[in-house]
Structure formats: structure tokens, C-alpha cells
Amino acid sequence: METLEYRCPNCNAYLVFDPKSGKMKCDYCLSDFSVDEVKENNDTRGKVHNEGQGHTHSEEHSSEDYLCYSCPSCGGEIIGDSTTAATECPFCENPTIITQRLSGEFKPDYVIPFKITKKEAVSALEKLYGGKKLLPNAFTKDNRVKKVTGMYVPYWICDCQASGTVRYDATRVRTYTDGRYMVTRTDIYNVIRGGTVAFDNIPQDGTTKLEGIHTESIEPYDYSEMIPFSNEYLSGYFADIYDVKSGDVLERAHERVKASVKESFKNTVIGYSTVTEGQSNINITNGDIHYALLPVWMLNTNWNGKTYTFAMNGQTGKVVGDLPVDKKKFWKRTAMFFGIFAAVAALIALVL
Amino acid sequence: MKKIVCFICVLLIFTLTALPVYAAKERVMDTADLLTAEEEQKLSQMAQAVYDEYGVDIVILTENTYVSDIQRYAENYYDNGGYSADGIIFYLSMYDRDWYMATSGSCMDTLSYSRLGDIFDRISGYLAEDDYYAAFSNFIPLCEGYIEEGPSFFATPVVSYLLKLCLLLPVAFGIAVFVVFLEKKKMNTAVLQKNANDYIINGSVDIEEQKDVFVTFTVTRVPISQNSGGSGGGRSHGGRGGKF
């Protein structure tokens with residue numbers, strides 16, 4: 001298995017991508033180098049290691065089901081799963097990129113580098129926990145916030161062109177008085193809107209490791225900072241390759257496109273009292289689909305047999321969280337609020 | 001000293017002369033002319049007797065003219081007629097055969113909504129037969145009976161407070177549950193995107209077909225309701241009304 005790591009030309013410690021400066025940084029001697037510098041300089045360029053031959057696990061076995069190789073730094077055994085493309089040695093934290101997994105059909109077209117630092121991610125998570133009166137005390141006890149990991153998530157970025165027609169039943173209601181009668185006149189209209197809408201860069205995640213609800217929650221990404229993929233940006237982070245094919249995410253993308261088309265059309269149905277959507281016929285033509293790695297800070301916590309996910313857009317800082325509710329606290333707080341509102345009710349009853 | 005005695009004397013005379021005028025205030029206004037002069041006289045005396053006993057004004061008003069909001073009209077008539085704080089006005093509008101009884105002060109409790117219903121049930125037969133004297137001459141003693149009896153058990157202050165509280169407590173509980181549910185909702189902020197609006201290429205929305213075809217229309221006519229609408233500020237009233 002071919003792996004890659006970046007070394008500081010001054011002190012030979014490893015280089016990681018720094019979200020703040022956008023440069024490769026050596027945490028040991030604090031020197032930093034631009035990504036281009038690293039690419040061009042032979043001293044800093046990633047060192048390629050060929051592992052696997054003579055290893056206890058066969059290479060085929062390694063690449064298909066899971067990943068197993070020894071750390072080039074400390075010799076410790078690193079185990080990843082079938083989608084790991086970048087990871088770190090659990091013993092010496094040496095960042096490693098599995099280049100073999102990032103080539104051929106798995107070579108990403110684009111990457112958005114991390115802009116949010118781990119420190120910012122940790123404080124965002126602490127803020128999410130803070131002030132949550134229903135959160136079980138034990139959930140945050142282990143101080144797991146430090147375990148937030150920076151992960152490049154595989155995304156399919158789809159372009160689409162949609163065309164179609166949508167029918168609406170619309171009414172216009174007027175009321176006026178006629179002598180001693182209130183008259184309501186309802187005019188009924190058949191409304192039709194047809195046209196086209198073009199979409200670009202709809203992101204749908206290509207991984208089964210994160211649920212769509214979480215990846216969609218931290219949208220949108222700012223594509224102006226999306227750049228052609230280069231291995232350097234992965235150094236110091238985890239990365240996964242896709243395990244959901246591009247064709248399989250289109251259904252969901254089309255669902256969203258249809259909703260947007262309907263909304264765009266409906267926005268032009270104006271001046272009515274009520275508008276009810278009727279039949280619609282929307283055709284979608286797929287444009288380009290690109291494979292990109294987008295940055296996410298995430299933490300999965302298992303609690304009473306359920307996984308709770310924290311995810312943060314590694315570029316914009318948008319946070320989504322999923323936290324357990326303590327049932328006892330739930331009823332305690334209900335009782336407390338009931339006490340407060342009952343006291344208010346007692347006062348209101350006096351006035352009434 | 002003399003001056004003060006003089007002043008008190010004058011004041012006394014004024015009060016004494018004013019009193020009979022006040023006592024003789026009109027309580028039966030038969031504008032629609034449903035009663036004979038003699039009947040009016042008798043009813044006035046009955047109302048006067050109730051006033052002398054309980055300090056409560058029972059007012060009867062009949063009119064032929066159209067009034068859009070009989071409730072407000074009856075309440076205002078009572079408020080502006082210089083009547084006692086406690087009392088009831090029974091208003092008959094012959095224009096559309098509407099009736100309304102508006103109560104004030106202690107009569108809001110003694111002549112509650114349900115009691116007014118009972119009173120009306122007992123006189124509605126006479127009204128239907130256009131026997132207005134019988135209706136009014138029964139109306140006054142029926143009111144007097146309830147006034148004498150005092151508020152019903154459910155209308156006594158403590159009981160009515162507890163009743164109100166019983167109605168409000170479930171509301172308080174509902175709000176408490178609602179507030180905690182809002183807190184619970186904040187525990188999971190994950191939501192699927194509803195659409196792809198963020199990815200619409202600027203200016204790419206092109207509406208080529210745009211038809212708004214008028215199909216038909218419907219018209220409903222509803223008589224303007226007269227029971228709704230609260231009292232127009234000032235004093236609060238109870239009451240009940242309908243058709244006869």
C-alpha cells in the first residue's frame with residue numbers, strides 16, 4: 001500500500017495543513033511553507049512509502065476490506081477501513097495519506113481546504129452543549145470534546161437543468177357589505193407556469209458514514225474557495241473516499257431541484273388569496289458531476305445504544321448537533337414551568 | 001357660623017327636591033307603543049319597588065327603529081340613562097323582533113347568562129303571542145326573585161375563582177409542556193434541506209409559459225351578525241339576547 005507524508009525540510013517533523021494561514025506548517029519548529037512550495041520542493045515533498053509487501057496482511061486484503069500497514073514513523077500498526085484515504089497513526093499521530101486510494105476513479109476533482117481550526121470547532125461544540133438544560137450530565141462527563149476530528153468528506157457536486165410546468169388552483173377572495181349582508185365573492189383561477197431553471201454545484205455526500213441529514217444541515221459551502229484537488233490539504237486530517245456512487249445521490253438531488261423549481265414558479269403566482277399546487281411535470285437533465293472533498297469537523301458519541309452526531313462545516317463554521325434528552329430532566333423542567341405558569345394563572349384568574 | 005348653617009340648609013333643600021326627581025326616573029320606555037299608559041304605570045311601580053328594596057334598576061325599553069348592534073345599544077342606553085350601577089335593561093327591538101338583556105354591576109352575577117336564559121324561557125310564550133304586558137310583568141318579579149336569591153353557588157367569588165383556575169391550569173400545563181418541547185427541539189438541529197435554492201444559477205429562472213385563466217366564481221351572502229362585538233369600553237356588562 002502506497003502512503004504519503006510531508007516532512008519539514010528544517011527539522012524533519014511532519015507538516016500539516018493549517019486552516020488559519022492556508023499553509024503547510026511544522027508544529028515542531030513552527031516554520032511554514034505555502035502549498036505550492038511544498039509541491040515543488042523535493043525536500044518537503046511528500047515521502048512515498050511502499051508498504052504491504054512482506055506484511056502479515058496481503059495487499060489485496062488490505063485495500064478492499066480494510067487498511068492495515070505499519071506507520072513509517074514509529075512502525076506501529078495503523079488500521080483503517082475500506083474508505084480511509086487519510087488518517088493518523090494512533091500511536092505517534094503521524095499524519096498519513098493513502099495515495100493509492102486517491103488515484104484513478106477515486107481521485108477527487110476538487111477540494112475545499114479547512115478554514116476552521118480545531119480550537120474553533122471544540123469551542124463551537126462546547127457552546128452547543130452549554131445551556132442545554134435537558135442534556136444528561138453523563139453525556140459530557142468524559143470531556144470528549146477534544147476528540148472532534150477534522151474530516152474531508154466525499155461529495156458529489158452536481159449540475160442540473162430543469163424544465164417543466166406546474167399547475168395551480170388559485171382563488172381571489174373579496175368581501176364587501178351589501179346592505180345588511182356580508183358578501184364574499186371568490187374568483188377561481190387555473191394558473192399554469194412553465195419554464196426552465198439551471199442549477200450548479202448541488203452537493204450530495206457520497207459516504208455512508210455520515211447521514212444525509214447532517215451533511216445537508218451544514219450546507220452551503222462557498223465554492224469560490226474550491227480548488228483543484230491536491231494531496232497536501234489532507235495532511236493532518238482524516239479523509240474518506242466515496243462508497244456511494246454518483247448515480248445514487250442524483251435521486252435526492254433531483255428531489256431538491258424539483259422543490260426549488262416549484263418554489264421559483266410559485267413565487268410568480270401572485271395577487272391571489274389562496275394558491276394550491278396541482279399537477280406538475282418537471283424534467284431534469286443532468287450536467288457535470290464532480291467529485292470533491294469538503295471539510296467537516298465531526299464527533300460521533302454513542303449514548304444508550306444510539307449515535308449522536310455533531311458536525312460543523314469546516315469552511316463556514318455552520319454547526320449541526322444531535323443531542324440526547326434526559327427524561328428525568330424533561331419532566332422536572334415541565335414541572336418547574338408548570339409551577340411558574342400556574343402561579344401566573346392564579347393571578348390571571350383574580351383579574352378575570 | 002351662620003353662613004355654614006345656611007349653606008347646609010340650602011344643600012339639604014336641594015337634596016330633598018332632587019331626590020324625588022331622581023326616584024321618579026323613568027324605567028319603562030315604551031317607544032314602540034306596545035303597552036297602554038296604565039300598563040306602563042304599573043310596570044314602573046313594580047320596577048320602583050324593586051329599586052326601593054334592592055337599589056337595582058330594572059329598565060324596559062321597546063323600539064321600532066333598526067339598530068345594527070343591539071347589545072352595544074342596550075348597554076349604552078343603560079350606561080347613559082343615569083341608572084344605578086347595579087341593574088338590568090331589557091331591550092326589545094320590534095324592527096326585527098330582537099331582544100337583548102344587558103346586566104350591570106352585581107346583576108352580572110345575580111342575573112347570570114344561564115339565569116337570563118331561564119327568565120326568557122318563561123316569558124317567551126307571552127312575547128310570541130304579542131302579550132307584552134304579561135311578558136314584562138312576569139319579567140320584573142323573575143328578576144327580583146334572582147336578585148333576592150343572590151348569585152348562584154357557581155357565581156360566588158371564591159367558587160368562580162376556583163372554576164376559572166381549573167380552566168386555566170390545564171392551559172398552564174399545556175404551555176409548560178410546549179416550552180419544554182421547544183427546548184427538546186433545540187437538542188437536534190439536523191434538518192434535511194427542503195430544496196436546492198442555494199444552487200440556482202443567478203438569473204437562470206426563465207418562466208416561458210404564464211397563464212392565469214379565470215374559471216368561475218362563487219358568492220356567499222351572510223347576514224351581518226349582531227351578537228358579536230364586545231362592549232365599547234367603560235363599564236363591563238353581562239347579557240344575553242336573541243330573537244322572539
# chains A, B, ... in the order shown; residues from 1 in each chain; ligands from 1
>>> interface_residues(of="chain B", to="chain A", cutoff="8 Å", atoms="only C-alpha atoms", output="number ranges by chain")
B: 161, 164-165, 168-169, 172-173, 175-177, 179-180, 183-184, 187-201, 204-224
>>> residues_around(residues="segment 40-55 of chain B", least_positions_apart="3", cutoff="8 Å", atoms="only C-alpha atoms", output="ChimeraX atom specification")
/B:23,26-28,30,35-37,58-59,84,86,136-137,140,144,147
>>> residues_around(residues="segment 120-130 of chain B", least_positions_apart="5", cutoff="8 Å", atoms="only C-alpha atoms", output="JSON list (two decimals) with N, CA, C and O atoms, in the first residue's frame")
[["chain", "number", "residue", "atom", "x", "y", "z"],
["B", 135, "ALA", "N", -95.58, 39.63, 29.54],
["B", 135, "ALA", "CA", -94.15, 39.30, 29.49],
["B", 135, "ALA", "C", -93.38, 40.18, 30.47],
["B", 135, "ALA", "O", -92.63, 39.67, 31.31],
["B", 136, "PHE", "N", -93.62, 41.51, 30.40],
["B", 136, "PHE", "CA", -92.85, 42.42, 31.25],
["B", 136, "PHE", "C", -93.24, 42.28, 32.72],
["B", 136, "PHE", "O", -92.40, 42.36, 33.61],
["B", 138, "ASN", "N", -94.15, 39.68, 34.17],
["B", 138, "ASN", "CA", -93.50, 38.48, 34.72],
["B", 138, "ASN", "C", -92.00, 38.66, 34.83],
["B", 138, "ASN", "O", -91.35, 38.11, 35.70],
["B", 139, "PHE", "N", -91.46, 39.44, 33.88],
["B", 139, "PHE", "CA", -90.01, 39.66, 33.82],
["B", 139, "PHE", "C", -89.50, 40.29, 35.12],
["B", 139, "PHE", "O", -88.51, 39.82, 35.70],
["B", 244, "PHE", "N", -87.32, 36.79, 19.13],
["B", 244, "PHE", "CA", -88.55, 36.27, 19.76],
["B", 244, "PHE", "C", -89.67, 36.21, 18.74],
["B", 244, "PHE", "O", -89.55, 36.75, 17.63]]
>>> select_by_dssp(residues="segment 43-158 of chain B", states="helix (DSSP H, G or I)", output="ChimeraX atom specification")
/B:43-54,70-80,107-110,113-128,132-149,153-155,157-158
>>> atom_distance(atom1="atom CA of Leu167 of chain B", atom2="atom CA of Asp118 of chain B")
24.9 Å
>>> select_by_dssp(residues="segment 136-339 of chain A", states="strand (DSSP E or B)", output="compact mmCIF listing (two decimals) with N, CA and C atoms, in the first residue's frame")
# COMPACT_ATOMS: atom_id res chain seq x y z
N THR A 149 -12.91 15.50 15.25
CA THR A 149 -11.92 15.25 14.21
C THR A 149 -12.25 16.02 12.94
N GLY A 150 -11.19 16.42 12.28
CA GLY A 150 -11.33 17.12 11.01
C GLY A 150 -11.35 16.09 9.90
N MET A 151 -12.39 16.12 9.12
CA MET A 151 -12.61 15.05 8.16
C MET A 151 -12.95 15.64 6.79
N TYR A 152 -12.23 15.19 5.77
CA TYR A 152 -12.63 15.55 4.41
C TYR A 152 -13.65 14.54 3.95
N VAL A 153 -14.88 15.02 3.73
CA VAL A 153 -15.99 14.12 3.39
C VAL A 153 -16.16 14.10 1.87
N PRO A 154 -16.31 12.91 1.27
CA PRO A 154 -16.50 12.85 -0.17
C PRO A 154 -17.89 13.33 -0.58
N TYR A 155 -17.93 14.21 -1.52
CA TYR A 155 -19.19 14.78 -2.01
C TYR A 155 -19.28 14.64 -3.52
N TRP A 156 -20.47 14.47 -4.00
CA TRP A 156 -20.73 14.59 -5.43
C TRP A 156 -21.35 15.96 -5.65
N ILE A 157 -20.77 16.72 -6.55
CA ILE A 157 -21.23 18.08 -6.81
C ILE A 157 -21.90 18.06 -8.18
N CYS A 158 -23.22 18.25 -8.17
CA CYS A 158 -23.97 18.00 -9.41
C CYS A 158 -24.50 19.30 -10.03
N ASP A 159 -24.44 19.35 -11.35
CA ASP A 159 -25.10 20.43 -12.10
C ASP A 159 -26.33 19.84 -12.76
N CYS A 160 -27.41 20.61 -12.81
CA CYS A 160 -28.65 20.12 -13.43
C CYS A 160 -29.34 21.26 -14.17
N GLN A 161 -30.14 20.84 -15.14
CA GLN A 161 -31.00 21.78 -15.83
C GLN A 161 -32.42 21.22 -15.70
N ALA A 162 -33.35 22.02 -15.21
CA ALA A 162 -34.71 21.52 -15.03
C ALA A 162 -35.67 22.32 -15.89
N SER A 163 -36.64 21.61 -16.48
CA SER A 163 -37.68 22.32 -17.22
C SER A 163 -39.00 21.64 -16.92
N GLY A 164 -40.08 22.41 -16.92
CA GLY A 164 -41.35 21.78 -16.63
C GLY A 164 -42.47 22.78 -16.49
N THR A 165 -43.64 22.21 -16.20
CA THR A 165 -44.81 23.06 -15.97
C THR A 165 -45.47 22.64 -14.66
N VAL A 166 -46.04 23.60 -13.98
CA VAL A 166 -46.76 23.34 -12.74
C VAL A 166 -48.11 24.05 -12.83
N ARG A 167 -49.15 23.31 -12.43
CA ARG A 167 -50.49 23.90 -12.43
C ARG A 167 -50.88 24.25 -11.00
N TYR A 168 -51.65 25.31 -10.88
CA TYR A 168 -52.13 25.73 -9.56
C TYR A 168 -53.61 26.06 -9.64
N ASP A 169 -54.32 25.77 -8.55
CA ASP A 169 -55.68 26.27 -8.40
C ASP A 169 -55.57 27.47 -7.48
N ALA A 170 -55.98 28.62 -7.99
CA ALA A 170 -55.83 29.82 -7.18
C ALA A 170 -57.20 30.50 -7.00
N THR A 171 -57.36 31.18 -5.89
CA THR A 171 -58.60 31.92 -5.66
C THR A 171 -58.27 33.34 -5.25
N ARG A 172 -59.20 34.21 -5.58
CA ARG A 172 -59.08 35.61 -5.14
C ARG A 172 -60.38 35.90 -4.41
N VAL A 173 -60.29 36.26 -3.16
CA VAL A 173 -61.50 36.45 -2.34
C VAL A 173 -61.68 37.93 -2.03
N ARG A 174 -62.89 38.41 -2.28
CA ARG A 174 -63.21 39.80 -1.94
C ARG A 174 -64.41 39.78 -1.02
N THR A 175 -64.41 40.57 0.02
CA THR A 175 -65.61 40.67 0.86
C THR A 175 -66.03 42.13 0.92
N TYR A 176 -67.33 42.32 0.84
CA TYR A 176 -67.85 43.68 0.97
C TYR A 176 -69.25 43.60 1.56
N THR A 177 -69.74 44.72 2.07
CA THR A 177 -71.07 44.70 2.65
C THR A 177 -72.07 45.24 1.64
N ASP A 178 -73.21 44.55 1.63
CA ASP A 178 -74.29 44.97 0.74
C ASP A 178 -75.52 45.07 1.62
N TYR A 181 -75.98 42.60 4.55
CA TYR A 181 -75.32 41.33 4.27
C TYR A 181 -73.83 41.52 4.07
N MET A 182 -73.08 40.52 4.53
CA MET A 182 -71.64 40.47 4.25
C MET A 182 -71.51 39.55 3.04
N VAL A 183 -71.01 40.08 1.94
CA VAL A 183 -70.91 39.30 0.71
C VAL A 183 -69.47 38.88 0.49
N THR A 184 -69.27 37.59 0.23
CA THR A 184 -67.94 37.07 -0.06
C THR A 184 -67.94 36.54 -1.48
N ARG A 185 -67.11 37.14 -2.33
CA ARG A 185 -67.03 36.69 -3.71
C ARG A 185 -65.68 36.02 -3.92
N THR A 186 -65.72 34.77 -4.37
CA THR A 186 -64.49 34.01 -4.58
C THR A 186 -64.32 33.75 -6.08
N ASP A 187 -63.28 34.34 -6.66
CA ASP A 187 -62.98 34.08 -8.06
C ASP A 187 -61.98 32.93 -8.14
N ILE A 188 -62.29 31.96 -9.01
CA ILE A 188 -61.42 30.78 -9.10
C ILE A 188 -60.65 30.83 -10.42
N TYR A 189 -59.34 30.61 -10.32
CA TYR A 189 -58.47 30.67 -11.50
C TYR A 189 -57.71 29.37 -11.68
N ASN A 190 -57.45 29.02 -12.93
CA ASN A 190 -56.49 27.97 -13.26
C ASN A 190 -55.20 28.66 -13.66
N VAL A 191 -54.14 28.36 -12.94
CA VAL A 191 -52.88 29.04 -13.21
C VAL A 191 -51.85 28.03 -13.68
N ILE A 192 -51.12 28.38 -14.72
CA ILE A 192 -50.08 27.49 -15.24
C ILE A 192 -48.78 28.28 -15.34
N ARG A 193 -47.71 27.66 -14.87
CA ARG A 193 -46.39 28.26 -15.02
C ARG A 193 -45.45 27.22 -15.62
N GLY A 194 -44.74 27.62 -16.66
CA GLY A 194 -43.79 26.69 -17.26
C GLY A 194 -42.50 27.42 -17.54
N GLY A 195 -41.40 26.69 -17.50
CA GLY A 195 -40.13 27.34 -17.78
C GLY A 195 -38.95 26.47 -17.41
N THR A 196 -37.79 27.10 -17.32
CA THR A 196 -36.57 26.35 -17.02
C THR A 196 -35.81 27.02 -15.87
N VAL A 197 -35.08 26.20 -15.14
CA VAL A 197 -34.20 26.69 -14.08
C VAL A 197 -32.90 25.89 -14.15
N ALA A 198 -31.78 26.58 -14.02
CA ALA A 198 -30.48 25.88 -14.06
C ALA A 198 -29.84 25.89 -12.67
N PHE A 199 -29.22 24.78 -12.34
CA PHE A 199 -28.58 24.63 -11.02
C PHE A 199 -27.13 24.26 -11.22
N ASP A 200 -26.27 24.76 -10.33
CA ASP A 200 -24.91 24.21 -10.36
C ASP A 200 -24.40 23.94 -8.95
N ASN A 201 -23.52 22.96 -8.88
CA ASN A 201 -22.82 22.61 -7.64
C ASN A 201 -23.75 22.23 -6.48
N ILE A 202 -24.74 21.39 -6.75
CA ILE A 202 -25.55 20.87 -5.64
C ILE A 202 -24.72 19.77 -4.97
N PRO A 203 -24.41 19.93 -3.68
CA PRO A 203 -23.56 18.94 -3.03
C PRO A 203 -24.39 17.82 -2.39
N GLN A 204 -24.07 16.59 -2.70
CA GLN A 204 -24.70 15.46 -2.01
C GLN A 204 -23.57 14.54 -1.56
N ASP A 205 -23.59 14.16 -0.28
CA ASP A 205 -22.45 13.39 0.21
C ASP A 205 -22.43 11.99 -0.39
N ILE A 227 -10.84 24.50 -4.91
CA ILE A 227 -9.67 24.48 -5.79
C ILE A 227 -9.42 23.04 -6.27
N PRO A 228 -8.65 22.91 -7.37
CA PRO A 228 -8.33 21.56 -7.85
C PRO A 228 -7.68 20.75 -6.74
N PHE A 238 -8.37 13.62 8.57
CA PHE A 238 -8.87 12.34 8.09
C PHE A 238 -9.58 12.60 6.77
N ALA A 239 -9.56 11.59 5.92
CA ALA A 239 -10.31 11.72 4.67
C ALA A 239 -10.86 10.37 4.29
N ASP A 240 -12.02 10.40 3.69
CA ASP A 240 -12.66 9.18 3.23
C ASP A 240 -12.87 9.27 1.73
N THR A 274 -55.53 32.42 -2.17
CA THR A 274 -55.01 31.09 -1.88
C THR A 274 -54.44 30.52 -3.17
N VAL A 275 -53.37 29.74 -3.03
CA VAL A 275 -52.78 29.07 -4.19
C VAL A 275 -52.51 27.63 -3.78
N THR A 276 -53.13 26.69 -4.50
CA THR A 276 -52.92 25.28 -4.21
C THR A 276 -52.23 24.65 -5.40
N GLU A 277 -51.12 23.95 -5.09
CA GLU A 277 -50.38 23.34 -6.17
C GLU A 277 -51.12 22.13 -6.70
N GLY A 278 -51.22 22.01 -8.00
CA GLY A 278 -51.86 20.84 -8.59
C GLY A 278 -50.82 19.98 -9.28
N GLN A 279 -51.15 19.51 -10.46
CA GLN A 279 -50.25 18.63 -11.21
C GLN A 279 -48.97 19.35 -11.58
N SER A 280 -47.88 18.59 -11.60
CA SER A 280 -46.64 19.19 -12.09
C SER A 280 -45.89 18.16 -12.92
N ASN A 281 -45.13 18.67 -13.84
CA ASN A 281 -44.34 17.79 -14.71
C ASN A 281 -42.99 18.45 -14.90
N ILE A 282 -41.99 17.90 -14.21
CA ILE A 282 -40.67 18.53 -14.25
C ILE A 282 -39.64 17.52 -14.75
N ASN A 283 -38.92 17.89 -15.78
CA ASN A 283 -37.86 17.03 -16.32
C ASN A 283 -36.50 17.60 -15.95
N ILE A 284 -35.61 16.70 -15.55
CA ILE A 284 -34.29 17.17 -15.14
C ILE A 284 -33.22 16.53 -16.02
N THR A 285 -32.36 17.37 -16.56
CA THR A 285 -31.23 16.88 -17.34
C THR A 285 -29.98 17.05 -16.48
N ASN A 286 -29.23 15.97 -16.33
CA ASN A 286 -28.02 16.06 -15.52
C ASN A 286 -26.90 16.70 -16.31
N GLY A 287 -26.19 17.59 -15.62
CA GLY A 287 -25.00 18.17 -16.23
C GLY A 287 -23.78 17.48 -15.68
N ASP A 288 -22.72 18.23 -15.46
CA ASP A 288 -21.47 17.66 -14.93
C ASP A 288 -21.66 17.20 -13.49
N ILE A 289 -20.97 16.12 -13.15
CA ILE A 289 -20.90 15.71 -11.74
C ILE A 289 -19.43 15.66 -11.37
N HIS A 290 -19.07 16.38 -10.33
CA HIS A 290 -17.68 16.39 -9.88
C HIS A 290 -17.55 15.72 -8.54
N TYR A 291 -16.36 15.21 -8.31
CA TYR A 291 -16.07 14.53 -7.05
C TYR A 291 -15.19 15.48 -6.23
N ALA A 292 -15.67 15.86 -5.05
CA ALA A 292 -14.90 16.82 -4.25
C ALA A 292 -14.83 16.37 -2.80
N LEU A 293 -13.76 16.75 -2.16
CA LEU A 293 -13.65 16.51 -0.71
C LEU A 293 -13.90 17.83 -0.01
N LEU A 294 -14.91 17.81 0.87
CA LEU A 294 -15.26 19.04 1.58
C LEU A 294 -15.01 18.86 3.08
N PRO A 295 -14.58 19.95 3.74
CA PRO A 295 -14.14 19.82 5.14
C PRO A 295 -15.28 19.82 6.15
N VAL A 296 -15.24 18.90 7.09
CA VAL A 296 -16.25 18.80 8.16
C VAL A 296 -15.54 18.47 9.47
N TRP A 297 -15.85 19.22 10.50
CA TRP A 297 -15.42 18.83 11.85
C TRP A 297 -16.52 17.98 12.44
N MET A 298 -16.20 16.83 12.93
CA MET A 298 -17.28 15.99 13.45
C MET A 298 -16.92 15.18 14.67
N LEU A 299 -17.95 14.79 15.40
CA LEU A 299 -17.78 13.94 16.57
C LEU A 299 -19.02 13.07 16.72
N ASN A 300 -18.80 11.78 16.71
CA ASN A 300 -19.91 10.85 16.97
C ASN A 300 -19.80 10.35 18.40
N THR A 301 -20.90 10.40 19.13
CA THR A 301 -20.90 9.90 20.50
C THR A 301 -21.99 8.85 20.64
N ASN A 302 -21.59 7.70 21.15
CA ASN A 302 -22.58 6.66 21.41
C ASN A 302 -23.16 6.85 22.79
N TRP A 303 -24.46 6.82 22.88
CA TRP A 303 -25.12 7.05 24.17
C TRP A 303 -26.37 6.18 24.19
N LYS A 306 -27.46 4.63 20.94
CA LYS A 306 -27.74 5.48 19.79
C LYS A 306 -26.54 6.38 19.52
N THR A 307 -26.33 6.69 18.25
CA THR A 307 -25.21 7.55 17.92
C THR A 307 -25.69 8.98 17.76
N TYR A 308 -25.04 9.88 18.45
CA TYR A 308 -25.37 11.30 18.34
C TYR A 308 -24.23 12.02 17.62
N THR A 309 -24.58 12.76 16.60
CA THR A 309 -23.56 13.35 15.74
C THR A 309 -23.49 14.86 15.91
N PHE A 310 -22.25 15.34 16.02
CA PHE A 310 -22.01 16.78 15.92
C PHE A 310 -21.25 16.98 14.62
N ALA A 311 -21.68 17.90 13.81
CA ALA A 311 -20.96 18.18 12.58
C ALA A 311 -20.89 19.69 12.39
N MET A 312 -19.76 20.13 11.86
CA MET A 312 -19.56 21.56 11.65
C MET A 312 -18.91 21.75 10.29
N ASN A 313 -19.47 22.64 9.51
CA ASN A 313 -18.91 22.96 8.21
C ASN A 313 -17.49 23.50 8.44
N VAL A 319 -22.98 24.90 12.26
CA VAL A 319 -22.98 23.76 13.18
C VAL A 319 -24.32 23.03 13.15
N VAL A 320 -24.26 21.71 13.22
CA VAL A 320 -25.48 20.94 13.42
C VAL A 320 -25.21 19.95 14.54
N GLY A 321 -26.20 19.77 15.38
CA GLY A 321 -26.00 18.89 16.52
C GLY A 321 -27.21 18.05 16.80
N ASP A 322 -26.94 16.94 17.40
CA ASP A 322 -27.95 15.95 17.68
C ASP A 322 -27.61 15.49 19.09
>>> residues_around(residues="segment 229-236 of chain A", least_positions_apart="4", cutoff="6 Å", atoms="only C-alpha atoms", output="count of residues only")
7
